[in-house]
>>> print(open('entry.tsv').read())   # TSV, C-alpha atoms
chain	number	residue	atom	x	y	z
A	134	MET	CA	-6.69	-21.88	16.40
A	135	SER	CA	-7.21	-24.34	13.54
A	136	HIS	CA	-4.58	-25.08	10.92
A	137	ARG	CA	-6.90	-23.51	8.34
A	138	ALA	CA	-7.19	-20.25	10.28
A	139	ALA	CA	-3.44	-20.15	10.87
A	140	SER	CA	-2.78	-20.65	7.17
A	141	ALA	CA	-5.22	-17.86	6.32
A	142	GLU	CA	-3.46	-15.49	8.71
A	143	ALA	CA	-0.04	-16.32	7.27
A	144	ALA	CA	-1.35	-15.81	3.74
A	145	ALA	CA	-2.90	-12.47	4.73
A	146	ASP	CA	0.36	-11.36	6.31
A	147	THR	CA	2.37	-12.15	3.18
A	148	SER	CA	-0.29	-10.77	0.85
A	149	LEU	CA	-0.44	-7.47	2.75
A	150	ILE	CA	3.29	-6.94	2.41
A	151	ASP	CA	3.28	-7.91	-1.27
A	152	ALA	CA	0.22	-5.75	-2.03
A	153	PHE	CA	2.06	-2.65	-0.89
A	154	GLY	CA	5.34	-3.34	-2.65
A	155	GLY	CA	7.18	-5.73	-0.36
A	156	ILE	CA	10.64	-5.16	1.09
A	157	ARG	CA	11.97	-4.05	-2.27
A	158	GLY	CA	9.14	-1.53	-2.48
A	159	MET	CA	10.30	0.00	0.80
A	160	VAL	CA	13.74	0.48	-0.69
A	161	ASP	CA	12.32	1.94	-3.90
A	162	MET	CA	10.22	4.52	-2.08
A	163	THR	CA	13.00	5.57	0.32
A	164	VAL	CA	16.30	5.73	-1.57
A	165	PRO	CA	15.45	8.29	-4.34
A	166	GLY	CA	14.09	10.80	-1.83
A	167	LEU	CA	17.07	10.25	0.42
A	168	VAL	CA	19.47	10.86	-2.46
A	169	PHE	CA	17.63	14.04	-3.43
A	170	VAL	CA	17.54	15.62	0.03
A	171	VAL	CA	21.16	14.74	0.83
A	172	LEU	CA	22.51	16.08	-2.46
A	173	TYR	CA	20.37	19.22	-2.35
A	174	THR	CA	21.49	19.95	1.21
A	175	ILE	CA	25.11	19.66	0.07
A	176	THR	CA	25.00	21.22	-3.40
A	177	LYS	CA	21.86	23.43	-3.34
A	178	SER	CA	21.45	22.37	-6.98
A	179	VAL	CA	17.98	21.27	-8.06
A	180	ALA	CA	19.33	19.77	-11.29
A	181	ILE	CA	22.06	17.68	-9.68
A	182	SER	CA	19.72	16.42	-6.96
A	183	SER	CA	16.89	15.66	-9.39
A	184	TRP	CA	18.98	13.85	-12.00
A	185	SER	CA	20.74	11.85	-9.29
A	186	ALA	CA	17.41	10.71	-7.84
A	187	VAL	CA	16.19	9.71	-11.30
A	188	GLY	CA	19.45	7.84	-11.96
A	189	VAL	CA	19.19	5.91	-8.71
A	190	THR	CA	15.59	4.98	-9.50
A	191	LEU	CA	16.60	3.63	-12.90
A	192	LEU	CA	19.42	1.64	-11.31
A	193	LEU	CA	16.89	0.06	-8.95
A	194	VAL	CA	14.77	-0.93	-11.95
A	195	VAL	CA	17.79	-2.47	-13.68
A	196	TRP	CA	18.58	-4.36	-10.49
A	197	ARG	CA	15.02	-5.74	-10.45
A	198	LEU	CA	15.38	-6.81	-14.09
A	199	LEU	CA	18.63	-8.61	-13.40
A	200	ARG	CA	17.00	-10.46	-10.50
A	201	ARG	CA	13.90	-11.14	-12.62
A	202	GLU	CA	11.64	-9.47	-10.08
A	203	THR	CA	8.27	-7.89	-10.80
A	204	LEU	CA	8.30	-4.31	-12.09
A	205	LYS	CA	4.68	-3.43	-11.29
A	206	HIS	CA	5.68	-1.23	-8.33
A	207	ALA	CA	9.00	-0.07	-9.79
A	208	PHE	CA	7.44	1.63	-12.81
A	209	GLY	CA	5.19	3.69	-10.56
A	210	GLY	CA	8.24	4.79	-8.60
A	211	VAL	CA	10.16	5.74	-11.74
A	212	LEU	CA	7.23	7.75	-13.07
A	213	GLY	CA	6.72	9.56	-9.76
A	214	VAL	CA	10.40	10.45	-9.38
A	215	ALA	CA	10.68	11.53	-13.02
A	216	ILE	CA	7.64	13.80	-12.81
A	217	GLY	CA	8.83	15.26	-9.52
A	218	ALA	CA	12.29	15.91	-10.91
A	219	PHE	CA	10.86	17.55	-14.03
A	220	ILE	CA	8.57	19.86	-12.04
A	221	ALA	CA	11.36	20.76	-9.62
A	222	MET	CA	13.80	21.64	-12.41
A	223	GLU	CA	11.24	23.53	-14.48
A	224	SER	CA	10.00	25.58	-11.53
A	225	GLY	CA	13.36	25.96	-9.82
A	226	LYS	CA	11.67	25.03	-6.55
A	227	PRO	CA	13.23	21.93	-4.99
A	228	GLN	CA	10.18	21.23	-2.81
A	229	ASN	CA	8.26	20.41	-5.99
A	230	PHE	CA	10.29	17.21	-6.27
A	231	TYR	CA	8.04	15.79	-3.56
A	232	LEU	CA	4.78	17.30	-4.81
A	233	PRO	CA	3.59	14.46	-7.14
A	234	SER	CA	3.95	11.81	-4.45
A	235	MET	CA	2.23	14.08	-1.93
A	236	ILE	CA	-0.72	14.62	-4.26
A	237	TYR	CA	-0.79	10.90	-5.01
A	238	GLY	CA	-1.04	10.26	-1.28
A	239	LEU	CA	-4.04	12.58	-1.06
A	240	VAL	CA	-5.72	10.78	-3.95
A	241	LEU	CA	-5.13	7.43	-2.25
A	242	MET	CA	-6.57	8.78	0.99
A	243	VAL	CA	-9.78	9.81	-0.79
A	244	VAL	CA	-10.04	6.53	-2.73
A	245	TYR	CA	-9.53	4.41	0.39
A	246	ALA	CA	-12.03	6.49	2.37
A	247	VAL	CA	-14.70	6.37	-0.33
A	248	SER	CA	-14.23	2.63	-0.77
A	249	ALA	CA	-14.81	2.09	2.96
A	250	LEU	CA	-17.85	4.37	3.02
A	251	VAL	CA	-19.55	2.57	0.13
A	252	ARG	CA	-18.80	-0.83	1.71
A	253	TRP	CA	-16.27	-1.85	-0.93
A	254	PRO	CA	-13.12	-1.45	1.20
A	255	LEU	CA	-10.11	-1.39	-1.07
A	256	LEU	CA	-8.10	-3.73	1.11
A	257	GLY	CA	-10.70	-6.44	0.60
A	258	VAL	CA	-10.81	-5.82	-3.14
A	259	MET	CA	-7.01	-6.25	-3.30
A	260	LEU	CA	-6.65	-9.23	-0.95
A	261	GLY	CA	-9.85	-11.17	-1.68
A	262	PRO	CA	-8.66	-12.73	-4.95
A	263	VAL	CA	-5.19	-13.36	-3.49
A	264	LEU	CA	-6.61	-15.23	-0.51
A	265	GLY	CA	-8.96	-17.27	-2.70
A	266	GLU	CA	-12.17	-15.73	-1.35
A	267	ASN	CA	-12.77	-13.30	-4.22
A	268	MET	CA	-15.67	-11.05	-3.15
A	269	THR	CA	-17.45	-13.52	-0.84
A	270	TRP	CA	-16.26	-11.41	2.09
A	271	ARG	CA	-18.69	-8.70	1.04
A	272	THR	CA	-21.93	-10.70	0.71
A	273	GLN	CA	-21.32	-13.94	2.62
A	274	ASN	CA	-18.87	-13.05	5.39
A	275	PRO	CA	-19.93	-9.89	7.29
A	276	GLY	CA	-17.15	-10.35	9.83
A	277	ARG	CA	-14.51	-10.07	7.15
A	278	LEU	CA	-16.30	-7.13	5.54
A	279	ALA	CA	-16.10	-5.32	8.87
A	280	ALA	CA	-12.42	-6.26	9.26
A	281	TYR	CA	-11.50	-5.11	5.74
A	282	THR	CA	-13.35	-1.85	6.38
A	283	LYS	CA	-11.47	-1.22	9.64
A	284	ALA	CA	-8.14	-2.08	8.02
A	285	THR	CA	-8.89	0.26	5.13
A	286	TRP	CA	-9.50	3.11	7.59
A	287	VAL	CA	-6.04	2.41	9.03
A	288	TRP	CA	-4.56	3.33	5.65
A	289	VAL	CA	-6.77	6.41	5.39
A	290	ALA	CA	-5.35	7.55	8.73
A	291	LEU	CA	-1.80	6.92	7.49
A	292	PHE	CA	-2.29	9.04	4.36
A	293	ALA	CA	-3.98	11.78	6.41
A	294	LEU	CA	-1.07	11.86	8.86
A	295	ARG	CA	1.43	12.19	6.04
A	296	ALA	CA	-0.53	15.03	4.43
A	297	ALA	CA	-0.93	16.88	7.73
A	298	ILE	CA	2.83	16.93	8.24
A	299	LEU	CA	4.19	17.23	4.71
A	300	PHE	CA	2.03	19.97	3.20
A	301	PRO	CA	2.82	22.61	5.87
A	302	LEU	CA	6.54	21.93	5.35
A	303	TYR	CA	6.05	22.17	1.57
A	304	TRP	CA	4.21	25.50	1.83
A	305	ALA	CA	6.88	26.84	4.22
A	306	GLY	CA	9.64	25.89	1.76
A	307	GLN	CA	11.48	23.81	4.36
A	308	ILE	CA	13.28	21.62	1.85
A	309	THR	CA	15.55	19.66	4.15
A	310	TRP	CA	12.87	19.06	6.77
A	311	LEU	CA	10.40	18.14	4.05
A	312	GLY	CA	12.81	15.53	2.72
A	313	VAL	CA	13.52	14.18	6.20
A	314	ALA	CA	9.81	14.02	7.01
A	315	LYS	CA	9.07	12.33	3.69
A	316	ILE	CA	11.58	9.61	4.49
A	317	GLY	CA	10.51	9.29	8.11
A	318	LEU	CA	6.86	9.02	7.12
A	319	GLY	CA	7.66	6.32	4.58
A	320	VAL	CA	8.73	2.93	5.92
A	321	PRO	CA	8.00	3.21	9.70
A	322	PRO	CA	4.30	4.19	9.40
A	323	TRP	CA	3.97	1.79	6.47
A	324	LEU	CA	5.10	-1.06	8.72
A	325	VAL	CA	2.75	0.07	11.48
A	326	ALA	CA	-0.18	0.13	9.04
A	327	ILE	CA	0.76	-3.33	7.77
A	328	TYR	CA	0.88	-4.66	11.33
A	329	LEU	CA	-2.43	-3.07	12.37
A	330	SER	CA	-4.11	-4.37	9.20
A	331	TRP	CA	-2.79	-7.86	9.88
A	332	LEU	CA	-3.93	-7.64	13.51
A	333	ILE	CA	-7.45	-6.69	12.46
A	334	LEU	CA	-7.66	-9.41	9.81
A	335	SER	CA	-6.21	-12.05	12.14
A	336	LYS	CA	-9.25	-11.62	14.40
A	337	ALA	CA	-11.74	-11.82	11.53
A	338	PRO	CA	-13.58	-14.99	10.44
A	339	ALA	CA	-11.64	-17.21	8.06
A	340	PRO	CA	-12.07	-16.57	4.31
A	341	ILE	CA	-14.78	-18.43	2.44
A	342	LYS	CA	-12.83	-20.06	-0.37
A	343	VAL	CA	-14.25	-20.19	-3.87
A	344	THR	CA	-13.11	-22.19	-6.87
A	345	GLN	CA	-12.39	-20.60	-10.22
A	346	ASP	CA	-15.54	-22.02	-11.80
A	347	GLU	CA	-17.75	-21.27	-8.80
A	348	ASP	CA	-20.16	-18.37	-8.93
A	349	PRO	CA	-20.00	-16.49	-5.61
A	350	GLU	CA	-23.78	-16.04	-5.80
A	351	ASP	CA	-24.17	-19.84	-5.71
A	352	SER	CA	-22.63	-19.90	-2.24
A	353	ASP	CA	-26.17	-19.59	-0.80
A	354	ALA	CA	-26.85	-23.17	-1.85
A	355	PRO	CA	-27.40	-25.63	1.07
A	356	GLU	CA	-24.20	-27.54	0.38
A	357	HIS	CA	-22.16	-24.34	0.49
A	358	GLN	CA	-23.90	-23.22	3.65
A	359	GLY	CA	-23.08	-26.55	5.27
A	360	ALA	CA	-19.44	-26.30	4.20
A	361	ARG	CA	-19.20	-22.81	5.62
A	362	ALA	CA	-20.75	-23.90	8.90
A	363	THR	CA	-18.17	-26.69	9.18
A	364	ASP	CA	-15.31	-24.32	8.37
A	365	ASP	CA	-16.56	-21.80	10.94
A	366	ALA	CA	-16.80	-24.49	13.59
A	367	LEU	CA	-13.26	-25.66	12.86
A	368	SER	CA	-11.88	-22.11	12.91
A	369	GLU	CA	-13.34	-21.50	16.37
A	370	ARG	CA	-11.47	-24.41	17.93
>>> encode(input="entry.tsv", output="structure tokens")
Amino acid sequence: MSHRAASAEAAADTSLIDAFGGIRGMVDMTVPGLVFVVLYTITKSVAISSWSAVGVTLLLVVWRLLRRETLKHAFGGVLGVAIGAFIAMESGKPQNFYLPSMIYGLVLMVVYAVSALVRWPLLGVMLGPVLGENMTWRTQNPGRLAAYTKATWVWVALFALRAAILFPLYWAGQITWLGVAKIGLGVPPWLVAIYLSWLILSKAPAPIKVTQDEDPEDSDAPEHQGARATDDALSER
């Protein structure tokens, strides 16, 4: 494997983790739900459990601010927990704490699936600019288009698995088991999906890099074709 291909794989690995929230994102999506289910199991109080989960989420945001970390994923977590807590307290049904995130998962499943079907796989849209290839993977690099499509279907399967397990527990009113399943279907499958996506992309052709002032449509020019042929030959060594 060439140094260029190895660098691309390492970049894809890091970019995948960052795109889905990173290590801190795993903490953010696990701890509030854990606090809620533990406190509800002990106290049977929707209010105490909900407010505690919201408080923990806000503390995580403050911790990010103190460490000067990005808040782009944290705000989504705060909003989701706050909406879930509000619905749970207003309805008096603790299972509704998990409903917004469950619906959000369904929406993501549909968006990922549609993006793959129309040949604009969302994983490629997210990672292309990060890896410096922009959208060349779609028109100039069919191998990477196929890889991004396969990797996107991995995430569709993850969201479908979560929905197939969580919604029956929600409808049955199994609060504790719903909370446990929500936590169990968080980080472990997320890591599996990250690994499978990386594995698929690691076997794909190397990205076709573009400069900021380069028009991707100009990549059909002879000089660009020659550069790509050289890069492909190097990546196959």
>>> residues_around(input="entry.tsv", residues="Ile316 (chain A)", least_positions_apart="6", cutoff="7 Å", atoms="all atoms listed in the file", output="MDAnalysis selection string")
chainID A and resid 163 166:167
>>> residues_around(input="entry.tsv", residues="region 178-187 of chain A", least_positions_apart="2", cutoff="8 Å", atoms="all atoms listed in the file", output="VMD selection string")
chain A and resid 165 to 166 168 to 170 172 to 173 176 189 to 191 211 214 to 215 218 to 219 221 to 222 225 to 227 230
>>> write_last_selection(input="entry.tsv", atoms="C-alpha atoms", output="PDB file, keeping the file's coordinate frame")
ATOM      1  CA  PRO A 165      15.450   8.290  -4.340  1.00  0.00           C
ATOM      2  CA  GLY A 166      14.090  10.800  -1.830  1.00  0.00           C
ATOM      3  CA  VAL A 168      19.470  10.860  -2.460  1.00  0.00           C
ATOM      4  CA  PHE A 169      17.630  14.040  -3.430  1.00  0.00           C
ATOM      5  CA  VAL A 170      17.540  15.620   0.030  1.00  0.00           C
ATOM      6  CA  LEU A 172      22.510  16.080  -2.460  1.00  0.00           C
ATOM      7  CA  TYR A 173      20.370  19.220  -2.350  1.00  0.00           C
ATOM      8  CA  THR A 176      25.000  21.220  -3.400  1.00  0.00           C
ATOM      9  CA  VAL A 189      19.190   5.910  -8.710  1.00  0.00           C
ATOM     10  CA  THR A 190      15.590   4.980  -9.500  1.00  0.00           C
ATOM     11  CA  LEU A 191      16.600   3.630 -12.900  1.00  0.00           C
ATOM     12  CA  VAL A 211      10.160   5.740 -11.740  1.00  0.00           C
ATOM     13  CA  VAL A 214      10.400  10.450  -9.380  1.00  0.00           C
ATOM     14  CA  ALA A 215      10.680  11.530 -13.020  1.00  0.00           C
ATOM     15  CA  ALA A 218      12.290  15.910 -10.910  1.00  0.00           C
ATOM     16  CA  PHE A 219      10.860  17.550 -14.030  1.00  0.00           C
ATOM     17  CA  ALA A 221      11.360  20.760  -9.620  1.00  0.00           C
ATOM     18  CA  MET A 222      13.800  21.640 -12.410  1.00  0.00           C
ATOM     19  CA  GLY A 225      13.360  25.960  -9.820  1.00  0.00           C
ATOM     20  CA  LYS A 226      11.670  25.030  -6.550  1.00  0.00           C
ATOM     21  CA  PRO A 227      13.230  21.930  -4.990  1.00  0.00           C
ATOM     22  CA  PHE A 230      10.290  17.210  -6.270  1.00  0.00           C
TER      23      PHE A 230
END
>>> closest_residue(input="entry.tsv", among="A:Ser248, A:Val263, A:Ala290, A:Met235", to="Ala314 (chain A)", atoms="all atoms listed in the file")
A:Met235
>>> closest_residue(input="entry.tsv", among="A:Trp323, A:Tyr328, A:Trp304, A:Trp288", to="Leu255 (chain A)", atoms="only C-alpha atoms")
A:Trp288
>>> closest_residue(input="entry.tsv", among="A:Ser335, A:Asp161, A:Leu256, A:Val244", to="Leu212 (chain A)", atoms="only C-alpha atoms")
A:Asp161
>>> closest_residue(input="entry.tsv", among="A:Gly217, A:Leu334, A:Leu239, A:Tyr245", to="Leu264 (chain A)", atoms="all atoms listed in the file")
A:Leu334
>>> residues_around(input="entry.tsv", residues="Leu311 (chain A)", least_positions_apart="6", cutoff="8 Å", atoms="all atoms listed in the file", output="compact mmCIF listing (two decimals) with C-alpha atoms, in the frame of the given file")
# COMPACT_ATOMS: atom_id res chain seq x y z
CA GLN A 228 10.18 21.23 -2.81
CA LEU A 299 4.19 17.23 4.71
CA LEU A 302 6.54 21.93 5.35
CA TYR A 303 6.05 22.17 1.57
